[in-house]
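**Q** My structure is below; once you've seen it, I'll send some questions.
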Amino acid sequence: MNPIESLRIAWRSIKGHKLRSTLTTLGVIIGIAAVITFVTLGAGLQEGIIGDISPDDQKNVYVWAAPAENANQGPLSGAQPVMTQRDAAHIQNLSGVEDAYVFTGVSTQSIGFDGQQIARQGGVYATGPPYFDDDDIADGKRFAPGTNEAVINPAMAGLFQRNVTVGDTLSLGVFGGTEINVTVVGILENSESLSAFEGFNPSPRLYLSADSPLLRSQGADARYLAMIVEAPTRSDGDIDRTRRVTREYLTSADSDAGPRANASGLGFELKTSTELLGQLEDVLNLLQNFIVGIAAISLLVGAIGIANIMLVSVTERTREIGIMKAVGAQRRDILGLFIIEAVILGLLGAILGTLLGLGAGYAGAQFIGIPWVFPSTYAAIAVVVGILVGVLAGLYPAWNASRTDPIDALRYE
Amino acid sequence: MSGSSSADTAVSLDEVRKTYQVGEPVHALDGVSLEIPRGSYTAVMGPSGSGKSTLMNLIGCLDTPTEGSVVVNDQDVSEIGERKRTTIRGEEIGFVFQTFNLMPRLTARENVALPMVFRGVGRSERQERAAEVLQSVGLGERLGHLPNELSGGQRQRVAIARALVNDPAILLADEPTGNLDTETGAQIMGLFEELYDRENTILMVTHERDIAEHAERIIHLLDGEIERIEELSGVGK
């Protein structure tokens, strides 16, 4: 029998049961859509991050102190504030170190501008002026050390009814109800994150000087969560040297951070962006595998659904099978007919699932603000999986159908 | 019978026995020998359990005999495999059933073309041939109708057209008027007579004497054996 004829007849019977066919393919649709969505998001996230590592960033060593069990869990995981400005100043003078400055998140409750108050926790950071490259700043300049000057990104500037421009004053509501005015001196080129410490998404951010009066007011012996140490170049040798001398100093009794970390049982993490990205990729891959696993279960359920409905369909069409056999249909014709029907259901599920997944992935990428990557390999795999699911699910019912005795089948009511 | 020339024999049975093992062996057919000439019109009558259905199934290549031989259009079908039997069934046998047995989702034309699908005939040729045969049974205007859009008599005509489409050696009709009212039944019998006039070989199972009398002879079955063969003079040539 001509395969095109099989296809035509199989398609006819699928169309004859629209609702049933739709419900049957739903399992496959959901499974495939889930995989495609998360694979797209994962790929977009990775591409977004890789795109974020500038050559300058590759010279940076990110330093924080955390309990041993938090090691390899990503930037600042379990980090405790142990480092001081004095540590940064000391490390900066070590040979093999280009620059060193502290970094920390500042707890705020709200940000106000032009009479408008916006509740905002997070997105405010304190660091040293070298945190910005020259071409990071589109308008204005870096903050000066020891002042309440601030640099903001375009997302922060656009947060209020009136656009914030250089020279404007923002009021930060800090814990305890006090409000402190900061003057905007610079606006960044874009709203991407500037380092692994900020997370990876574009979002409103405001940067202060680590030794601004605002922070000093919180205690003379201010401790910072993290430090960024710059190597002279991004060669492995320079990075390793920077890392070695920084670690030597931080773990020594001379430093402020060392004894404090020791007392709390913390170890120092010194990671480059590339390493941090690698860690993040590991986490993403783990998450992706997990979701693919769940989707595989969904596909299995989908396959069982198709098999189930095919079995019902075979019973329901016993008489038709008898008719076809009476007029000359071979076993393999009947086998082919039902397998093709199952494959169409599987394939339909895969194609619809892929489209749905691409759509959801695109929407998700837009929403999070990461690039959308077309997962061509996975789309191809999805189609193959759909066919496979159909074949596997259709095999037994089709075999059952092909073995139907035409005499019984023609008598079947 | 095995010795006779087969040139003008459509179907011949020689000492055919069919035994079913249902606890005790049951002889559905018990040594039946029979010859159906080409172009003949035969009716088979007999009470329930006399072996009518078994006879139809054996001649229709749906089943194989326990003993003896069944020859359809010069091909011994009693000991060949299922695949070959299916091919012969598709090409040499045309079935007409009491309940029509049309494919519900196929149009009249597609139903008639179905046997050609399994023989690998091309689409345009199928379409053309199906339309032609439907025309010959008086349904030229109903090509695109689904079975549930047709009357009982029309459905049976579609089924007859389907049975004829491959030019079979024999037309097997199992109570072809059983689901039709008397008038429609008579029309179908009229069609059978036309087919008979066109040299088709017809074997019809029925339990109605007046339907059977349309044939040129009646085979009376009883308890799996041929009780008697009654030659009728009223019909045909």
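Chain labels A, B, ... are given in the sequence in which chains occur in the structure tokens; within each chain residues are numbered consecutively from 1, and ligands are likewise numbered from 1 in the order shown.
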Which neighbours of segment 252-257 of chain A fall inside 9 Å, counting only C-alpha atoms, when residues of the same chain fewer than 3 positions from it are skipped, and could you give them as a list in words?

**A**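 Contacts, in chain order: Ala65, Pro81, Val82, Met83, Thr84, Arg86, Asp87, His90, Arg223, Arg247, Glu248, Tyr249, Arg260, Ala261 and Asn262 of chain A.
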
**Q** Enumerate the residues of segment 96-282 of chain A with a DSSP assignment of alpha helix (DSSP H), computed from the backbone, and present them as an MDAnalysis selection string.

**A** chainID A and resid 154:157 213:216 236:251 257:264 273:282

**Q** Excluding Thr169 of chain A and residues on its chain fewer than 5 positions from it, collect all residues at most 12 Å away from it, counting only C-alpha atoms, and give them as a list in words.

**A**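 Final neighbour list, sorted by chain and number: Ile111, Gly112, Phe113, Asp114, Gly115, Asn148, Glu149, Ala150, Val151, Ile152, Ala157, Asn163, Val164, Ile180, Asn181, Val182, Thr183, Val184, Val185 and Gly186 of chain A.
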
**Q** With only C-alpha atoms as the counted atoms, please give the residues lying no more than 9 Å from Leu26 of chain A, apart from itself and same-chain residues fewer than 6 positions off, as number ranges by chain.

**A** A: 302, 349, 353

**Q** Quick one: write out the picked residues with N, CA and C atoms as a short mmCIF file (atom, residue, chain, number, x, y, z; two decimals), in the first residue's frame?

**A**
data_model
loop_
_atom_site.label_atom_id
_atom_site.label_comp_id
_atom_site.auth_asym_id
_atom_site.auth_seq_id
_atom_site.Cartn_x
_atom_site.Cartn_y
_atom_site.Cartn_z
N GLY A 302 2.52 11.20 27.88
CA GLY A 302 1.92 11.49 26.57
C GLY A 302 1.89 10.26 25.69
N GLY A 349 1.92 16.71 18.08
CA GLY A 349 2.23 17.16 19.44
C GLY A 349 3.59 17.83 19.49
N GLY A 353 4.03 21.59 20.23
CA GLY A 353 4.80 21.81 21.46
C GLY A 353 6.01 22.68 21.20
#

**Q** Mind pulling up the distance from atom CA of Tyr224 of chain A to atom CA of Ala100 of chain A?

**A**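 Distance reported for this atom pair: 12.9 Å.
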
**Q** Grab the atom CA of Ile36 of chain A to atom CA of Gly361 of chain A distance for me, in Å with one decimal place.

**A**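 Those two atoms sit 7.2 Å apart.
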
**Q** Have a look at B:Ser124, B:Thr64, B:Gln75, B:Asn57 and name the one nearest to Phe95 of chain B; count only C-alpha atoms.

**A**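 Among B:Ser124, B:Thr64, B:Gln75, B:Asn57, it is B:Asn57 that comes nearest to Phe95 of chain B.
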
**Q** How close does each residue of chain A get to chain B, giving the shortest atom pair and distance in Å to one decimal for every residue with an atom at most 8 Å away, counting only C-alpha atoms, sorted by chain and residue number, as JSON lines?

**A**
{"residue": "A:Met1", "atom": "CA", "partner": "B:Phe118", "partner_atom": "CA", "distance": 5.2}
{"residue": "A:Asn2", "atom": "CA", "partner": "B:Gly120", "partner_atom": "CA", "distance": 6.4}
{"residue": "A:Glu5", "atom": "CA", "partner": "B:Val117", "partner_atom": "CA", "distance": 7.3}
{"residue": "A:Arg12", "atom": "CA", "partner": "B:Arg105", "partner_atom": "CA", "distance": 7.4}
{"residue": "A:Ser13", "atom": "CA", "partner": "B:Arg105", "partner_atom": "CA", "distance": 7.5}
{"residue": "A:Gly16", "atom": "CA", "partner": "B:Arg105", "partner_atom": "CA", "distance": 7.5}
{"residue": "A:Arg319", "atom": "CA", "partner": "B:Asn101", "partner_atom": "CA", "distance": 7.8}
{"residue": "A:Glu320", "atom": "CA", "partner": "B:Met103", "partner_atom": "CA", "distance": 6.1}
{"residue": "A:Ile323", "atom": "CA", "partner": "B:Asn101", "partner_atom": "CA", "distance": 6.5}
{"residue": "A:Met324", "atom": "CA", "partner": "B:Pro115", "partner_atom": "CA", "distance": 7.7}
{"residue": "A:Lys325", "atom": "CA", "partner": "B:Thr86", "partner_atom": "CA", "distance": 7.3}
{"residue": "A:Ala326", "atom": "CA", "partner": "B:Gly90", "partner_atom": "CA", "distance": 6.9}
{"residue": "A:Val327", "atom": "CA", "partner": "B:Gly90", "partner_atom": "CA", "distance": 4.8}
{"residue": "A:Gly328", "atom": "CA", "partner": "B:Gly90", "partner_atom": "CA", "distance": 3.7}
{"residue": "A:Ala329", "atom": "CA", "partner": "B:Phe118", "partner_atom": "CA", "distance": 5.5}
{"residue": "A:Gln330", "atom": "CA", "partner": "B:Thr86", "partner_atom": "CA", "distance": 6.3}
{"residue": "A:Arg331", "atom": "CA", "partner": "B:Arg83", "partner_atom": "CA", "distance": 7.7}
{"residue": "A:Asp333", "atom": "CA", "partner": "B:Phe118", "partner_atom": "CA", "distance": 7.7}
{"residue": "A:Pro406", "atom": "CA", "partner": "B:Leu62", "partner_atom": "CA", "distance": 6.9}
{"residue": "A:Ile407", "atom": "CA", "partner": "B:Leu62", "partner_atom": "CA", "distance": 6.6}
{"residue": "A:Leu410", "atom": "CA", "partner": "B:Asn101", "partner_atom": "CA", "distance": 7.7}

**Q** Restricted to N, CA and C atoms, what would the selected residues look like written as a CSV table (one decimal), in the first residue's frame?

**A**
chain,number,residue,atom,x,y,z
A,1,MET,N,0.8,-1.2,0.0
A,1,MET,CA,0.0,0.0,0.0
A,1,MET,C,0.9,1.2,0.0
A,2,ASN,N,0.5,2.2,-0.8
A,2,ASN,CA,1.2,3.4,-1.0
A,2,ASN,C,1.2,4.2,0.4
A,5,GLU,N,-1.2,7.0,0.7
A,5,GLU,CA,-2.6,6.5,1.0
A,5,GLU,C,-2.8,6.3,2.4
A,12,ARG,N,-7.5,11.1,7.9
A,12,ARG,CA,-9.0,11.2,7.9
A,12,ARG,C,-9.5,10.8,9.3
A,13,SER,N,-9.0,9.7,9.8
A,13,SER,CA,-9.6,9.2,11.1
A,13,SER,C,-9.2,10.1,12.3
A,16,GLY,N,-11.5,12.9,12.1
A,16,GLY,CA,-12.8,12.4,12.5
A,16,GLY,C,-13.0,12.5,14.0
A,319,ARG,N,-14.5,-3.3,13.1
A,319,ARG,CA,-15.3,-3.6,11.9
A,319,ARG,C,-14.6,-3.0,10.7
A,320,GLU,N,-14.1,-1.8,10.8
A,320,GLU,CA,-13.4,-1.2,9.6
A,320,GLU,C,-12.2,-2.0,9.2
A,323,ILE,N,-13.4,-4.9,7.3
A,323,ILE,CA,-13.7,-4.5,6.0
A,323,ILE,C,-12.5,-4.4,5.1
A,324,MET,N,-11.5,-3.7,5.7
A,324,MET,CA,-10.3,-3.5,4.9
A,324,MET,C,-9.6,-4.8,4.6
A,325,LYS,N,-9.6,-5.7,5.5
A,325,LYS,CA,-9.0,-7.0,5.3
A,325,LYS,C,-9.8,-7.8,4.2
A,326,ALA,N,-11.1,-7.7,4.3
A,326,ALA,CA,-11.9,-8.4,3.4
A,326,ALA,C,-11.7,-7.9,1.9
A,327,VAL,N,-11.4,-6.6,1.8
A,327,VAL,CA,-11.1,-6.2,0.4
A,327,VAL,C,-9.7,-6.2,0.0
A,328,GLY,N,-8.8,-6.9,0.8
A,328,GLY,CA,-7.5,-7.1,0.4
A,328,GLY,C,-6.4,-6.4,1.1
A,329,ALA,N,-6.7,-5.8,2.3
A,329,ALA,CA,-5.6,-5.1,3.1
A,329,ALA,C,-4.8,-6.2,3.8
A,330,GLN,N,-3.4,-6.1,3.6
A,330,GLN,CA,-2.5,-7.0,4.3
A,330,GLN,C,-2.3,-6.6,5.7
A,331,ARG,N,-1.8,-7.5,6.5
A,331,ARG,CA,-1.4,-7.2,7.9
A,331,ARG,C,-0.6,-5.9,7.9
A,333,ASP,N,-0.4,-3.5,5.9
A,333,ASP,CA,-1.2,-2.3,5.6
A,333,ASP,C,-1.8,-1.8,6.8
A,406,PRO,N,-10.5,-11.2,10.3
A,406,PRO,CA,-11.5,-10.5,9.6
A,406,PRO,C,-12.9,-11.1,9.8
A,407,ILE,N,-13.0,-12.4,10.0
A,407,ILE,CA,-14.3,-13.1,10.2
A,407,ILE,C,-14.9,-12.5,11.5
A,410,LEU,N,-15.8,-8.7,11.0
A,410,LEU,CA,-16.9,-8.3,10.2
A,410,LEU,C,-18.2,-8.6,11.0

**Q** Using only C-alpha atoms, determine which residues lie at most 7 Å from Val383 of chain A, disregarding the query and same-chain residues fewer than 4 positions distant; provide the list as an MDAnalysis selection string.

**A** chainID A and resid 347 350:351 379 387

**Q** With only C-alpha atoms as the counted atoms, please give the residues lying no more than 9 Å from Ile91 of chain A, apart from itself and same-chain residues fewer than 6 positions off, as number ranges by chain.

**A** A: 97, 99-101, 229, 245-246, 249-250

**Q** So that I can check the surroundings of Gln58 of chain A, please list as a ChimeraX atom specification every protein, DNA and RNA residue that reaches within 7 Å of it, counting only C-alpha atoms and ignoring chain neighbours fewer than 2 positions away.

**A** /A:53-56,60,234,272-273

**Q** Save the residues we just selected, N, CA and C atoms, as a CSV table (one decimal), in the first residue's frame?

**A**
chain,number,residue,atom,x,y,z
A,53,ILE,N,30.7,39.4,29.6
A,53,ILE,CA,32.1,39.5,30.1
A,53,ILE,C,33.0,40.2,29.1
A,54,SER,N,33.3,41.5,29.5
A,54,SER,CA,34.1,42.3,28.6
A,54,SER,C,35.6,41.9,28.9
A,55,PRO,N,36.4,42.2,28.0
A,55,PRO,CA,37.9,41.9,28.2
A,55,PRO,C,38.4,42.5,29.5
A,56,ASP,N,37.9,43.7,29.8
A,56,ASP,CA,38.3,44.3,31.1
A,56,ASP,C,37.9,43.4,32.3
A,60,ASN,N,39.5,40.8,36.2
A,60,ASN,CA,39.1,40.9,37.6
A,60,ASN,C,39.0,39.6,38.4
A,234,ARG,N,44.9,40.0,31.4
A,234,ARG,CA,44.0,38.9,31.7
A,234,ARG,C,44.7,37.5,31.4
A,272,THR,N,37.4,34.3,39.0
A,272,THR,CA,37.3,35.2,37.8
A,272,THR,C,35.9,35.1,37.3
A,273,SER,N,35.5,36.0,36.4
A,273,SER,CA,34.2,36.0,35.8
A,273,SER,C,33.9,34.7,35.1

**Q** What does the distance between atom CA of Ile170 of chain B and atom CA of Ile202 of chain B come to in Å, to one decimal place?

**A**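 These atoms are spaced 5.8 Å apart.
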
**Q** Just list as number ranges by chain whatever in segment 23-132 of chain B DSSP marks as strand (DSSP E).

**A** B: 24-37, 41-45, 67-72, 75-76, 93-96

**Q** Would you mind exporting the chosen residues as an mmCIF file, in the first residue's frame, restricted to C-alpha atoms?

**A**
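selection-v6.cif, freshly written:
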data_model
loop_
_atom_site.group_PDB
_atom_site.id
_atom_site.type_symbol
_atom_site.label_atom_id
_atom_site.label_comp_id
_atom_site.auth_asym_id
_atom_site.auth_seq_id
_atom_site.Cartn_x
_atom_site.Cartn_y
_atom_site.Cartn_z
ATOM 1 C CA GLU B 24 -15.758 -31.503 21.429
ATOM 2 C CA PRO B 25 -14.867 -31.221 17.745
ATOM 3 C CA VAL B 26 -17.691 -29.674 15.732
ATOM 4 C CA HIS B 27 -17.829 -30.354 11.999
ATOM 5 C CA ALA B 28 -19.070 -27.123 10.498
ATOM 6 C CA LEU B 29 -18.541 -28.586 7.039
ATOM 7 C CA ASP B 30 -18.315 -32.307 6.632
ATOM 8 C CA GLY B 31 -17.009 -33.382 3.240
ATOM 9 C CA VAL B 32 -18.475 -30.844 0.850
ATOM 10 C CA SER B 33 -17.641 -31.056 -2.842
ATOM 11 C CA LEU B 34 -18.965 -28.386 -5.113
ATOM 12 C CA GLU B 35 -18.237 -26.701 -8.395
ATOM 13 C CA ILE B 36 -19.348 -23.200 -9.265
ATOM 14 C CA PRO B 37 -19.153 -22.523 -12.991
ATOM 15 C CA TYR B 41 -25.797 -17.628 -10.190
ATOM 16 C CA THR B 42 -26.005 -19.860 -7.132
ATOM 17 C CA ALA B 43 -27.938 -19.508 -3.891
ATOM 18 C CA VAL B 44 -27.078 -21.310 -0.686
ATOM 19 C CA MET B 45 -29.867 -22.036 1.770
ATOM 20 C CA GLU B 67 -9.227 -31.007 5.159
ATOM 21 C CA GLY B 68 -9.829 -30.974 1.432
ATOM 22 C CA SER B 69 -9.109 -28.275 -1.099
ATOM 23 C CA VAL B 70 -10.655 -25.005 -2.154
ATOM 24 C CA VAL B 71 -9.688 -23.710 -5.589
ATOM 25 C CA VAL B 72 -10.529 -20.150 -6.547
ATOM 26 C CA GLN B 75 -5.528 -21.189 -7.415
ATOM 27 C CA ASP B 76 -5.600 -23.661 -4.558
ATOM 28 C CA ILE B 93 -13.468 -12.149 -4.324
ATOM 29 C CA GLY B 94 -16.090 -9.457 -4.085
ATOM 30 C CA PHE B 95 -17.990 -9.372 -0.804
ATOM 31 C CA VAL B 96 -21.498 -8.045 -0.343
#
